[in-house]
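Q: Attaching a single structure in structure tokens format; questions to follow.
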Amino acid sequence: MSQPKFKRIALIGIGLIGSSISHAARRAGLAETIVGSARTQATIDTALSLGIIDDGFLDAKDAVAGADLIFLCVPVGASGPVAQHISGAIESGAIVSDVGSVKAAVIEAMAPHIPQGAHFVPGHPIAGTEQSGPESGFADLFEGRWCILTPEAGTSATAVARLTAFWQALGSKVEVMDAAHHDLVLAITSHVPHLIAYNIVNTADHLERVTEREVIKFSAGGFRDFTRIAASDPTMWRDVFLNNKDAALEMLARFTEDLSELQRAIRFGDGDTLFKLFSEARALRQDIIEAGQDIAAPDFGRSEKSVPPKKG
Ligand code: NAP
């Protein structure tokens with residue numbers, strides 16, 4: 001088994017994902033030192049005060065110097081410019097990875113800036129929440145979740161094995177996959193669902209015959225779960241759609257066709273079709289629970305007690 005310990009881990013971007021990597025890596029004893037860089041001093045100060053990083057730098061090159069494992073944990077659209085900026089500071093033998101939700105466009109943007117002698121192993125942990133920033137990270141985020149690595153052909157097998165061992169030590173299950181396939185799979189499992197959530201929340205918001213007060217008051221139905229997803233960071237999701245355009249459009253076209261089928265069934269009172277399609281969807285939920293990717297507790301695991309008391 002490859003050894004997943006590193007001397008100096010550099011986190012470029014210390015938000016939800018960067019800080020969670022730090023918490024989990026510290027818990028598993030995977031780094032002698034963890035340093036970080038962010039756009040703002042405020043984020044660096046918060047990360048220092050929470051013990052997420054041992055040292056913080058506004059210039060990402062200073063974090064990267066001497067690091068044997070580098071993670072870019074920034075919005076997908078920033079990956080290329082950040083890689084270009086740190087390029088000269090990346091040391092020979094270092095593993096350079098990322099956590100971006102899109103892979104083909106990120107590889108295209110980053111790969112030209114990874115120097116010879118360093119190992120580029122792109123990745124995407126399929127784990128997250130709608131929160132962002134350094135305070136939102138936690139050590140269990142990756143527990144039992146998949147992490148997909150998308151190294152290009154010819155990448156050092158040793159580097160891939162070390163990063164695999166690292167993610168496994170954080171609690172993840174790891175799969176290696178082609179970047180284009182990753183983008184297609186994630187378009188339907190993550191990207192389009194986020195688009196639907198943003199859209200349904202906006203549609204409700206724009207309604208004239210149902211008041212905003214009613215939308216909020218009666219949101220205990222399915223709508224409430226959409227609002228949680230639609231609370232996700234707009235910068236991150238803007239970048240996802242700008243960088244996974246083809247796969248997102250393809251999946252959206254398929255979704256629209258299937259929606260039309262439901263629409264037609266409703267229009268013509270075709271209960272058999274509605275029942276069949278709803279039953280198929282319900283069975284898939286059971287498969288997800290059996291695969292350990294969610295729990296069967298009612299209301300998505302939320303109890304009445306976990307709903308915060310009303311303010312004011
Ligand atoms: P986040 O909490 O918003 O944190 C982003 C971090 O990147 C912050 O430290 C921010 O610095 C820094 N940053 C933002 N723009 C930058 C730029 N132009 N140049 C340099 N640094 C910049 O984001 P996150 O949720 O951790 O997401 C990071 C990456 O993980 C994204 O690529 C996303 O696709 C991927 N991802 C997210 C999730 C999820 O559920 N959130 C799941 C899997 C993968 P400041 O705080 O100083 O602005």
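Ligands are numbered from 1 in the order shown, chains are lettered A, B, ... in the order of the structure tokens, and residues start at 1 in each chain.
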Going by DSSP on the backbone, which bits of segment 42-257 of chain A are helix (DSSP H, G or I)? Write them as number ranges by chain, please.

A: A: 42-49, 60-64, 76-89, 104-113, 134-136, 157-169, 179-206, 212-217, 222-229, 234-243, 245-257

Q: Given a cut-off of 7 Å, what residues near ligand 1 show up using only C-alpha atoms and all ligand atoms, put as a PDB file with all heavy atoms, in the first residue's frame?

A:
ATOM      1  N   ILE A  12      -4.510  25.739  -1.728  1.00  0.00           N
ATOM      2  CA  ILE A  12      -4.731  27.027  -2.385  1.00  0.00           C
ATOM      3  C   ILE A  12      -6.240  27.186  -2.492  1.00  0.00           C
ATOM      4  O   ILE A  12      -6.891  26.524  -3.303  1.00  0.00           O
ATOM      5  CB  ILE A  12      -4.057  27.082  -3.779  1.00  0.00           C
ATOM      6  CG1 ILE A  12      -2.617  26.558  -3.704  1.00  0.00           C
ATOM      7  CG2 ILE A  12      -4.128  28.495  -4.344  1.00  0.00           C
ATOM      8  CD1 ILE A  12      -1.733  27.260  -2.687  1.00  0.00           C
ATOM      9  N   GLY A  13      -6.790  28.047  -1.638  1.00  0.00           N
ATOM     10  CA  GLY A  13      -8.239  28.101  -1.439  1.00  0.00           C
ATOM     11  C   GLY A  13      -8.556  27.357  -0.159  1.00  0.00           C
ATOM     12  O   GLY A  13      -8.239  26.167  -0.027  1.00  0.00           O
ATOM     13  N   ILE A  14      -9.105  28.106   0.824  1.00  0.00           N
ATOM     14  CA  ILE A  14      -9.366  27.475   2.136  1.00  0.00           C
ATOM     15  C   ILE A  14     -10.831  27.674   2.483  1.00  0.00           C
ATOM     16  O   ILE A  14     -11.190  28.324   3.462  1.00  0.00           O
ATOM     17  CB  ILE A  14      -8.474  28.088   3.254  1.00  0.00           C
ATOM     18  CG1 ILE A  14      -7.079  28.456   2.716  1.00  0.00           C
ATOM     19  CG2 ILE A  14      -8.340  27.120   4.434  1.00  0.00           C
ATOM     20  CD1 ILE A  14      -6.297  29.360   3.648  1.00  0.00           C
ATOM     21  N   GLY A  15     -11.700  27.134   1.641  1.00  0.00           N
ATOM     22  CA  GLY A  15     -13.133  27.219   1.894  1.00  0.00           C
ATOM     23  C   GLY A  15     -13.633  25.896   2.456  1.00  0.00           C
ATOM     24  O   GLY A  15     -12.915  25.215   3.195  1.00  0.00           O
ATOM     25  N   LEU A  16     -14.866  25.542   2.093  1.00  0.00           N
ATOM     26  CA  LEU A  16     -15.458  24.292   2.594  1.00  0.00           C
ATOM     27  C   LEU A  16     -14.549  23.095   2.332  1.00  0.00           C
ATOM     28  O   LEU A  16     -14.244  22.313   3.235  1.00  0.00           O
ATOM     29  CB  LEU A  16     -16.830  24.061   1.927  1.00  0.00           C
ATOM     30  CG  LEU A  16     -17.427  22.672   2.144  1.00  0.00           C
ATOM     31  CD1 LEU A  16     -17.904  22.514   3.576  1.00  0.00           C
ATOM     32  CD2 LEU A  16     -18.565  22.395   1.179  1.00  0.00           C
ATOM     33  N   ILE A  17     -14.112  22.945   1.076  1.00  0.00           N
ATOM     34  CA  ILE A  17     -13.378  21.734   0.712  1.00  0.00           C
ATOM     35  C   ILE A  17     -11.942  21.797   1.241  1.00  0.00           C
ATOM     36  O   ILE A  17     -11.453  20.836   1.855  1.00  0.00           O
ATOM     37  CB  ILE A  17     -13.398  21.518  -0.823  1.00  0.00           C
ATOM     38  CG1 ILE A  17     -14.852  21.432  -1.333  1.00  0.00           C
ATOM     39  CG2 ILE A  17     -12.616  20.266  -1.195  1.00  0.00           C
ATOM     40  CD1 ILE A  17     -15.655  20.260  -0.828  1.00  0.00           C
ATOM     41  N   GLY A  18     -11.262  22.936   1.043  1.00  0.00           N
ATOM     42  CA  GLY A  18      -9.885  23.045   1.529  1.00  0.00           C
ATOM     43  C   GLY A  18      -9.800  22.827   3.030  1.00  0.00           C
ATOM     44  O   GLY A  18      -8.951  22.068   3.517  1.00  0.00           O
ATOM     45  N   ALA A  38      -5.278  32.143   0.367  1.00  0.00           N
ATOM     46  CA  ALA A  38      -6.629  32.528  -0.063  1.00  0.00           C
ATOM     47  C   ALA A  38      -6.533  33.901  -0.702  1.00  0.00           C
ATOM     48  O   ALA A  38      -5.480  34.540  -0.670  1.00  0.00           O
ATOM     49  CB  ALA A  38      -7.586  32.528   1.117  1.00  0.00           C
ATOM     50  N   ARG A  39      -7.647  34.331  -1.254  1.00  0.00           N
ATOM     51  CA  ARG A  39      -7.664  35.647  -1.895  1.00  0.00           C
ATOM     52  C   ARG A  39      -7.576  36.763  -0.872  1.00  0.00           C
ATOM     53  O   ARG A  39      -6.993  37.793  -1.102  1.00  0.00           O
ATOM     54  CB  ARG A  39      -9.002  35.795  -2.624  1.00  0.00           C
ATOM     55  CG  ARG A  39      -8.898  35.833  -4.096  1.00  0.00           C
ATOM     56  CD  ARG A  39     -10.239  36.048  -4.706  1.00  0.00           C
ATOM     57  NE  ARG A  39     -11.380  35.632  -3.875  1.00  0.00           N
ATOM     58  CZ  ARG A  39     -12.621  35.714  -4.272  1.00  0.00           C
ATOM     59  NH1 ARG A  39     -12.896  36.193  -5.469  1.00  0.00           N
ATOM     60  NH2 ARG A  39     -13.615  35.311  -3.504  1.00  0.00           N
ATOM     61  N   THR A  40      -8.200  36.529   0.280  1.00  0.00           N
ATOM     62  CA  THR A  40      -8.299  37.610   1.270  1.00  0.00           C
ATOM     63  C   THR A  40      -7.576  37.248   2.565  1.00  0.00           C
ATOM     64  O   THR A  40      -7.534  36.074   2.965  1.00  0.00           O
ATOM     65  CB  THR A  40      -9.781  37.894   1.615  1.00  0.00           C
ATOM     66  OG1 THR A  40     -10.341  36.690   2.151  1.00  0.00           O
ATOM     67  CG2 THR A  40     -10.568  38.320   0.388  1.00  0.00           C
ATOM     68  N   GLN A  41      -7.048  38.286   3.228  1.00  0.00           N
ATOM     69  CA  GLN A  41      -6.381  38.088   4.516  1.00  0.00           C
ATOM     70  C   GLN A  41      -7.385  37.590   5.553  1.00  0.00           C
ATOM     71  O   GLN A  41      -7.028  36.801   6.448  1.00  0.00           O
ATOM     72  CB  GLN A  41      -5.734  39.416   4.971  1.00  0.00           C
ATOM     73  CG  GLN A  41      -4.829  39.287   6.178  1.00  0.00           C
ATOM     74  CD  GLN A  41      -3.636  38.360   5.956  1.00  0.00           C
ATOM     75  OE1 GLN A  41      -2.981  38.394   4.903  1.00  0.00           O
ATOM     76  NE2 GLN A  41      -3.359  37.484   6.921  1.00  0.00           N
ATOM     77  N   ALA A  42      -8.648  38.006   5.427  1.00  0.00           N
ATOM     78  CA  ALA A  42      -9.669  37.592   6.412  1.00  0.00           C
ATOM     79  C   ALA A  42      -9.794  36.068   6.442  1.00  0.00           C
ATOM     80  O   ALA A  42      -9.874  35.457   7.521  1.00  0.00           O
ATOM     81  CB  ALA A  42     -11.010  38.231   6.058  1.00  0.00           C
ATOM     82  N   THR A  43      -9.797  35.437   5.253  1.00  0.00           N
ATOM     83  CA  THR A  43      -9.904  33.973   5.208  1.00  0.00           C
ATOM     84  C   THR A  43      -8.664  33.328   5.807  1.00  0.00           C
ATOM     85  O   THR A  43      -8.762  32.355   6.565  1.00  0.00           O
ATOM     86  CB  THR A  43     -10.118  33.505   3.743  1.00  0.00           C
ATOM     87  OG1 THR A  43     -11.392  33.978   3.309  1.00  0.00           O
ATOM     88  CG2 THR A  43     -10.062  32.002   3.609  1.00  0.00           C
ATOM     89  N   CYS A  73      -8.105  24.430  -4.347  1.00  0.00           N
ATOM     90  CA  CYS A  73      -9.484  24.309  -3.838  1.00  0.00           C
ATOM     91  C   CYS A  73     -10.212  25.615  -4.085  1.00  0.00           C
ATOM     92  O   CYS A  73     -10.824  26.187  -3.174  1.00  0.00           O
ATOM     93  CB  CYS A  73      -9.477  23.971  -2.351  1.00  0.00           C
ATOM     94  SG  CYS A  73      -8.511  22.513  -1.936  1.00  0.00           S
ATOM     95  N   VAL A  74     -10.119  26.108  -5.297  1.00  0.00           N
ATOM     96  CA  VAL A  74     -10.699  27.399  -5.689  1.00  0.00           C
ATOM     97  C   VAL A  74     -11.835  27.139  -6.689  1.00  0.00           C
ATOM     98  O   VAL A  74     -11.942  26.038  -7.221  1.00  0.00           O
ATOM     99  CB  VAL A  74      -9.622  28.304  -6.335  1.00  0.00           C
ATOM    100  CG1 VAL A  74      -8.528  28.641  -5.338  1.00  0.00           C
ATOM    101  CG2 VAL A  74      -9.032  27.663  -7.579  1.00  0.00           C
ATOM    102  N   PRO A  75     -12.683  28.126  -6.955  1.00  0.00           N
ATOM    103  CA  PRO A  75     -13.713  27.917  -7.987  1.00  0.00           C
ATOM    104  C   PRO A  75     -13.060  27.479  -9.307  1.00  0.00           C
ATOM    105  O   PRO A  75     -11.946  27.913  -9.630  1.00  0.00           O
ATOM    106  CB  PRO A  75     -14.366  29.287  -8.107  1.00  0.00           C
ATOM    107  CG  PRO A  75     -14.123  29.954  -6.788  1.00  0.00           C
ATOM    108  CD  PRO A  75     -12.783  29.464  -6.342  1.00  0.00           C
ATOM    109  N   VAL A  76     -13.778  26.635 -10.043  1.00  0.00           N
ATOM    110  CA  VAL A  76     -13.239  26.032 -11.261  1.00  0.00           C
ATOM    111  C   VAL A  76     -12.643  27.074 -12.216  1.00  0.00           C
ATOM    112  O   VAL A  76     -11.567  26.872 -12.788  1.00  0.00           O
ATOM    113  CB  VAL A  76     -14.378  25.223 -11.935  1.00  0.00           C
ATOM    114  CG1 VAL A  76     -14.079  24.922 -13.371  1.00  0.00           C
ATOM    115  CG2 VAL A  76     -14.655  23.955 -11.145  1.00  0.00           C
ATOM    116  N   ALA A  78     -11.113  29.715 -11.616  1.00  0.00           N
ATOM    117  CA  ALA A  78      -9.850  30.303 -11.146  1.00  0.00           C
ATOM    118  C   ALA A  78      -8.692  29.321 -11.260  1.00  0.00           C
ATOM    119  O   ALA A  78      -7.527  29.696 -11.055  1.00  0.00           O
ATOM    120  CB  ALA A  78     -10.003  30.768  -9.698  1.00  0.00           C
ATOM    121  N   VAL A  82      -4.662  30.447 -11.383  1.00  0.00           N
ATOM    122  CA  VAL A  82      -3.907  30.121 -10.159  1.00  0.00           C
ATOM    123  C   VAL A  82      -2.741  29.176 -10.514  1.00  0.00           C
ATOM    124  O   VAL A  82      -1.615  29.363 -10.059  1.00  0.00           O
ATOM    125  CB  VAL A  82      -4.820  29.499  -9.070  1.00  0.00           C
ATOM    126  CG1 VAL A  82      -3.997  28.944  -7.918  1.00  0.00           C
ATOM    127  CG2 VAL A  82      -5.802  30.545  -8.549  1.00  0.00           C
ATOM    128  N   VAL A  99      -9.784  19.967  -6.655  1.00  0.00           N
ATOM    129  CA  VAL A  99     -11.021  19.359  -6.161  1.00  0.00           C
ATOM    130  C   VAL A  99     -12.215  19.837  -6.989  1.00  0.00           C
ATOM    131  O   VAL A  99     -13.362  19.693  -6.579  1.00  0.00           O
ATOM    132  CB  VAL A  99     -11.246  19.715  -4.674  1.00  0.00           C
ATOM    133  CG1 VAL A  99     -10.154  19.106  -3.804  1.00  0.00           C
ATOM    134  CG2 VAL A  99     -11.305  21.234  -4.465  1.00  0.00           C
ATOM    135  N   GLY A 100     -11.939  20.418  -8.141  1.00  0.00           N
ATOM    136  CA  GLY A 100     -12.973  21.070  -8.951  1.00  0.00           C
ATOM    137  C   GLY A 100     -14.080  20.118  -9.381  1.00  0.00           C
ATOM    138  O   GLY A 100     -13.841  18.951  -9.698  1.00  0.00           O
ATOM    139  N   SER A 101     -15.295  20.660  -9.458  1.00  0.00           N
ATOM    140  CA  SER A 101     -16.464  19.849  -9.798  1.00  0.00           C
ATOM    141  C   SER A 101     -16.550  19.533 -11.289  1.00  0.00           C
ATOM    142  O   SER A 101     -17.430  18.776 -11.706  1.00  0.00           O
ATOM    143  CB  SER A 101     -17.731  20.594  -9.373  1.00  0.00           C
ATOM    144  OG  SER A 101     -17.639  20.964  -8.032  1.00  0.00           O
ATOM    145  N   VAL A 102     -15.661  20.127 -12.083  1.00  0.00           N
ATOM    146  CA  VAL A 102     -15.590  19.858 -13.518  1.00  0.00           C
ATOM    147  C   VAL A 102     -14.163  19.412 -13.794  1.00  0.00           C
ATOM    148  O   VAL A 102     -13.226  19.951 -13.198  1.00  0.00           O
ATOM    149  CB  VAL A 102     -15.894  21.147 -14.318  1.00  0.00           C
ATOM    150  CG1 VAL A 102     -15.655  20.940 -15.790  1.00  0.00           C
ATOM    151  CG2 VAL A 102     -17.320  21.610 -14.059  1.00  0.00           C
ATOM    152  N   HIS A 124     -11.827  15.020  -7.746  1.00  0.00           N
ATOM    153  CA  HIS A 124     -13.094  15.646  -7.357  1.00  0.00           C
ATOM    154  C   HIS A 124     -13.744  14.813  -6.258  1.00  0.00           C
ATOM    155  O   HIS A 124     -14.249  13.716  -6.526  1.00  0.00           O
ATOM    156  CB  HIS A 124     -14.030  15.748  -8.576  1.00  0.00           C
ATOM    157  CG  HIS A 124     -15.379  16.301  -8.233  1.00  0.00           C
ATOM    158  ND1 HIS A 124     -16.500  16.062  -8.986  1.00  0.00           N
ATOM    159  CD2 HIS A 124     -15.796  17.092  -7.210  1.00  0.00           C
ATOM    160  CE1 HIS A 124     -17.544  16.684  -8.448  1.00  0.00           C
ATOM    161  NE2 HIS A 124     -17.129  17.315  -7.355  1.00  0.00           N
ATOM    162  N   PRO A 125     -13.721  15.316  -5.027  1.00  0.00           N
ATOM    163  CA  PRO A 125     -14.450  14.604  -3.968  1.00  0.00           C
ATOM    164  C   PRO A 125     -15.955  14.832  -4.145  1.00  0.00           C
ATOM    165  O   PRO A 125     -16.397  15.980  -4.259  1.00  0.00           O
ATOM    166  CB  PRO A 125     -13.948  15.291  -2.683  1.00  0.00           C
ATOM    167  CG  PRO A 125     -13.483  16.639  -3.102  1.00  0.00           C
ATOM    168  CD  PRO A 125     -13.083  16.561  -4.542  1.00  0.00           C
ATOM    169  N   ILE A 126     -16.711  13.723  -4.210  1.00  0.00           N
ATOM    170  CA  ILE A 126     -18.166  13.858  -4.399  1.00  0.00           C
ATOM    171  C   ILE A 126     -18.775  14.013  -3.005  1.00  0.00           C
ATOM    172  O   ILE A 126     -19.425  13.112  -2.474  1.00  0.00           O
ATOM    173  CB  ILE A 126     -18.755  12.629  -5.128  1.00  0.00           C
ATOM    174  CG1 ILE A 126     -17.904  12.264  -6.340  1.00  0.00           C
ATOM    175  CG2 ILE A 126     -20.204  12.889  -5.543  1.00  0.00           C
ATOM    176  CD1 ILE A 126     -17.819  13.315  -7.401  1.00  0.00           C
ATOM    177  N   ALA A 127     -18.491  15.144  -2.414  1.00  0.00           N
ATOM    178  CA  ALA A 127     -18.950  15.410  -1.054  1.00  0.00           C
ATOM    179  C   ALA A 127     -19.015  16.914  -0.909  1.00  0.00           C
ATOM    180  O   ALA A 127     -18.128  17.612  -1.380  1.00  0.00           O
ATOM    181  CB  ALA A 127     -17.961  14.844  -0.042  1.00  0.00           C
ATOM    182  N   GLY A 128     -20.034  17.383  -0.270  1.00  0.00           N
ATOM    183  CA  GLY A 128     -20.112  18.834  -0.080  1.00  0.00           C
ATOM    184  C   GLY A 128     -21.362  19.207   0.685  1.00  0.00           C
ATOM    185  O   GLY A 128     -22.164  18.338   1.066  1.00  0.00           O
ATOM    186  N   THR A 129     -21.490  20.477   0.928  1.00  0.00           N
ATOM    187  CA  THR A 129     -22.704  21.010   1.538  1.00  0.00           C
ATOM    188  C   THR A 129     -22.987  22.324   0.813  1.00  0.00           C
ATOM    189  O   THR A 129     -22.200  22.731  -0.043  1.00  0.00           O
ATOM    190  CB  THR A 129     -22.533  21.324   3.049  1.00  0.00           C
ATOM    191  OG1 THR A 129     -21.738  22.501   3.182  1.00  0.00           O
ATOM    192  CG2 THR A 129     -21.877  20.176   3.800  1.00  0.00           C
ATOM    193  N   GLU A 130     -24.055  22.993   1.204  1.00  0.00           N
ATOM    194  CA  GLU A 130     -24.364  24.279   0.574  1.00  0.00           C
ATOM    195  C   GLU A 130     -23.602  25.419   1.249  1.00  0.00           C
ATOM    196  O   GLU A 130     -23.744  26.573   0.861  1.00  0.00           O
ATOM    197  CB  GLU A 130     -25.886  24.530   0.593  1.00  0.00           C
ATOM    198  CG  GLU A 130     -26.493  24.742   1.973  1.00  0.00           C
ATOM    199  CD  GLU A 130     -26.727  23.456   2.765  1.00  0.00           C
ATOM    200  OE1 GLU A 130     -26.173  22.396   2.392  1.00  0.00           O
ATOM    201  OE2 GLU A 130     -27.447  23.519   3.777  1.00  0.00           O
ATOM    202  N   GLN A 131     -22.789  25.104   2.266  1.00  0.00           N
ATOM    203  CA  GLN A 131     -22.047  26.140   2.988  1.00  0.00           C
ATOM    204  C   GLN A 131     -20.714  26.422   2.297  1.00  0.00           C
ATOM    205  O   GLN A 131     -20.192  25.574   1.597  1.00  0.00           O
ATOM    206  CB  GLN A 131     -21.729  25.665   4.408  1.00  0.00           C
ATOM    207  CG  GLN A 131     -22.885  25.004   5.118  1.00  0.00           C
ATOM    208  CD  GLN A 131     -23.789  26.002   5.807  1.00  0.00           C
ATOM    209  OE1 GLN A 131     -23.338  27.077   6.173  1.00  0.00           O
ATOM    210  NE2 GLN A 131     -25.054  25.669   5.967  1.00  0.00           N
ATOM    211  N   SER A 132     -20.164  27.607   2.541  1.00  0.00           N
ATOM    212  CA  SER A 132     -18.815  27.872   2.039  1.00  0.00           C
ATOM    213  C   SER A 132     -17.999  28.598   3.097  1.00  0.00           C
ATOM    214  O   SER A 132     -18.526  28.994   4.136  1.00  0.00           O
ATOM    215  CB  SER A 132     -18.829  28.651   0.731  1.00  0.00           C
ATOM    216  OG  SER A 132     -19.983  29.405   0.595  1.00  0.00           O
ATOM    217  N   GLY A 133     -16.706  28.745   2.798  1.00  0.00           N
ATOM    218  CA  GLY A 133     -15.815  29.446   3.716  1.00  0.00           C
ATOM    219  C   GLY A 133     -15.109  28.499   4.669  1.00  0.00           C
ATOM    220  O   GLY A 133     -15.523  27.349   4.842  1.00  0.00           O
ATOM    221  N   PRO A 134     -14.038  28.985   5.318  1.00  0.00           N
ATOM    222  CA  PRO A 134     -13.209  28.122   6.160  1.00  0.00           C
ATOM    223  C   PRO A 134     -13.919  27.586   7.410  1.00  0.00           C
ATOM    224  O   PRO A 134     -13.584  26.513   7.901  1.00  0.00           O
ATOM    225  CB  PRO A 134     -12.032  29.021   6.564  1.00  0.00           C
ATOM    226  CG  PRO A 134     -12.480  30.414   6.305  1.00  0.00           C
ATOM    227  CD  PRO A 134     -13.500  30.353   5.224  1.00  0.00           C
ATOM    228  N   ASP A 233     -23.154  28.138  -3.305  1.00  0.00           N
ATOM    229  CA  ASP A 233     -22.383  29.320  -3.709  1.00  0.00           C
ATOM    230  C   ASP A 233     -22.566  29.658  -5.204  1.00  0.00           C
ATOM    231  O   ASP A 233     -22.255  28.840  -6.070  1.00  0.00           O
ATOM    232  CB  ASP A 233     -20.905  29.058  -3.412  1.00  0.00           C
ATOM    233  CG  ASP A 233     -20.062  30.277  -3.707  1.00  0.00           C
ATOM    234  OD1 ASP A 233     -20.332  31.325  -3.113  1.00  0.00           O
ATOM    235  OD2 ASP A 233     -19.147  30.177  -4.548  1.00  0.00           O
ATOM    236  N   MET A 236     -19.282  29.377  -7.448  1.00  0.00           N
ATOM    237  CA  MET A 236     -18.914  27.999  -7.772  1.00  0.00           C
ATOM    238  C   MET A 236     -19.800  27.447  -8.884  1.00  0.00           C
ATOM    239  O   MET A 236     -19.313  26.878  -9.857  1.00  0.00           O
ATOM    240  CB  MET A 236     -19.054  27.120  -6.518  1.00  0.00           C
ATOM    241  CG  MET A 236     -18.978  25.649  -6.830  1.00  0.00           C
ATOM    242  SD  MET A 236     -19.228  24.615  -5.373  1.00  0.00           S
ATOM    243  CE  MET A 236     -19.654  23.068  -6.187  1.00  0.00           C
ATOM    244  N   VAL A 240     -19.160  26.154 -12.749  1.00  0.00           N
ATOM    245  CA  VAL A 240     -19.442  24.775 -13.171  1.00  0.00           C
ATOM    246  C   VAL A 240     -20.143  24.789 -14.529  1.00  0.00           C
ATOM    247  O   VAL A 240     -19.749  24.081 -15.462  1.00  0.00           O
ATOM    248  CB  VAL A 240     -20.301  24.040 -12.107  1.00  0.00           C
ATOM    249  CG1 VAL A 240     -20.906  22.764 -12.688  1.00  0.00           C
ATOM    250  CG2 VAL A 240     -19.464  23.721 -10.867  1.00  0.00           C
TER     251      VAL A 240
END

Q: Give the answer as one residue: which of A:Val96, A:Ile148, A:Ile188, A:Ile90 has the shortest atom-to-atom distance to Ser172 of chain A, using only C-alpha atoms?

A: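 The shortest atom-to-atom distance to Ser172 of chain A comes from A:Ile148.
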
Q: From the set A:Ala63, A:Leu72, A:Val174, A:Ile196, which residue has the shortest atom-to-atom contact distance to Ala89 of chain A, counting only C-alpha atoms?

A: A:Ala63

Q: Within 12 Å of Lys61 of chain A, counting only C-alpha atoms, which residues qualify if same-chain residues fewer than 5 places away don't, as a list in words?

A: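 Contacts, in chain order: Ala10, Leu11, Ile12, Val35, Gly36, Ser37, Ala38, Gly56, Gly66, Ala67, Ile70, Val82, Ala83, Gln84, His85, Ile86, Ser87, Gly88, Ala89, Ile90 and Glu91 of chain A.
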
Q: Set the distance at 12 Å and use only C-alpha atoms: which residues neighbour segment 279-293 of chain A once local chain neighbours fewer than 6 positions away are removed? I'd like the list as a list in words.

A: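 Counting only C-alpha atoms, the residues come to Ile126, Ala127, Phe142, Glu143, Gly144, Arg145, Trp146, Ser172, Lys173, Thr189, Gly271, Asp272, Thr273, Phe300 and Gly301 of chain A.
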
Q: Can you write just those residues out, C-alpha atoms, as an mmCIF file, in the first residue's frame?

A:
data_model
loop_
_atom_site.group_PDB
_atom_site.id
_atom_site.type_symbol
_atom_site.label_atom_id
_atom_site.label_comp_id
_atom_site.auth_asym_id
_atom_site.auth_seq_id
_atom_site.Cartn_x
_atom_site.Cartn_y
_atom_site.Cartn_z
ATOM 1 C CA ILE A 126 -18.166 13.858 -4.399
ATOM 2 C CA ALA A 127 -18.950 15.410 -1.054
ATOM 3 C CA PHE A 142 -15.409 12.759 2.983
ATOM 4 C CA GLU A 143 -16.338 9.771 5.169
ATOM 5 C CA GLY A 144 -17.839 7.026 2.980
ATOM 6 C CA ARG A 145 -18.036 9.367 -0.033
ATOM 7 C CA TRP A 146 -16.459 8.798 -3.418
ATOM 8 C CA SER A 172 -13.162 8.284 0.903
ATOM 9 C CA LYS A 173 -13.623 5.538 -1.621
ATOM 10 C CA THR A 189 -26.021 13.566 -10.715
ATOM 11 C CA GLY A 271 -52.265 7.695 -14.459
ATOM 12 C CA ASP A 272 -50.558 4.466 -15.548
ATOM 13 C CA THR A 273 -47.621 6.392 -17.033
ATOM 14 C CA PHE A 300 -33.881 13.315 4.482
ATOM 15 C CA GLY A 301 -32.714 12.475 7.984
#
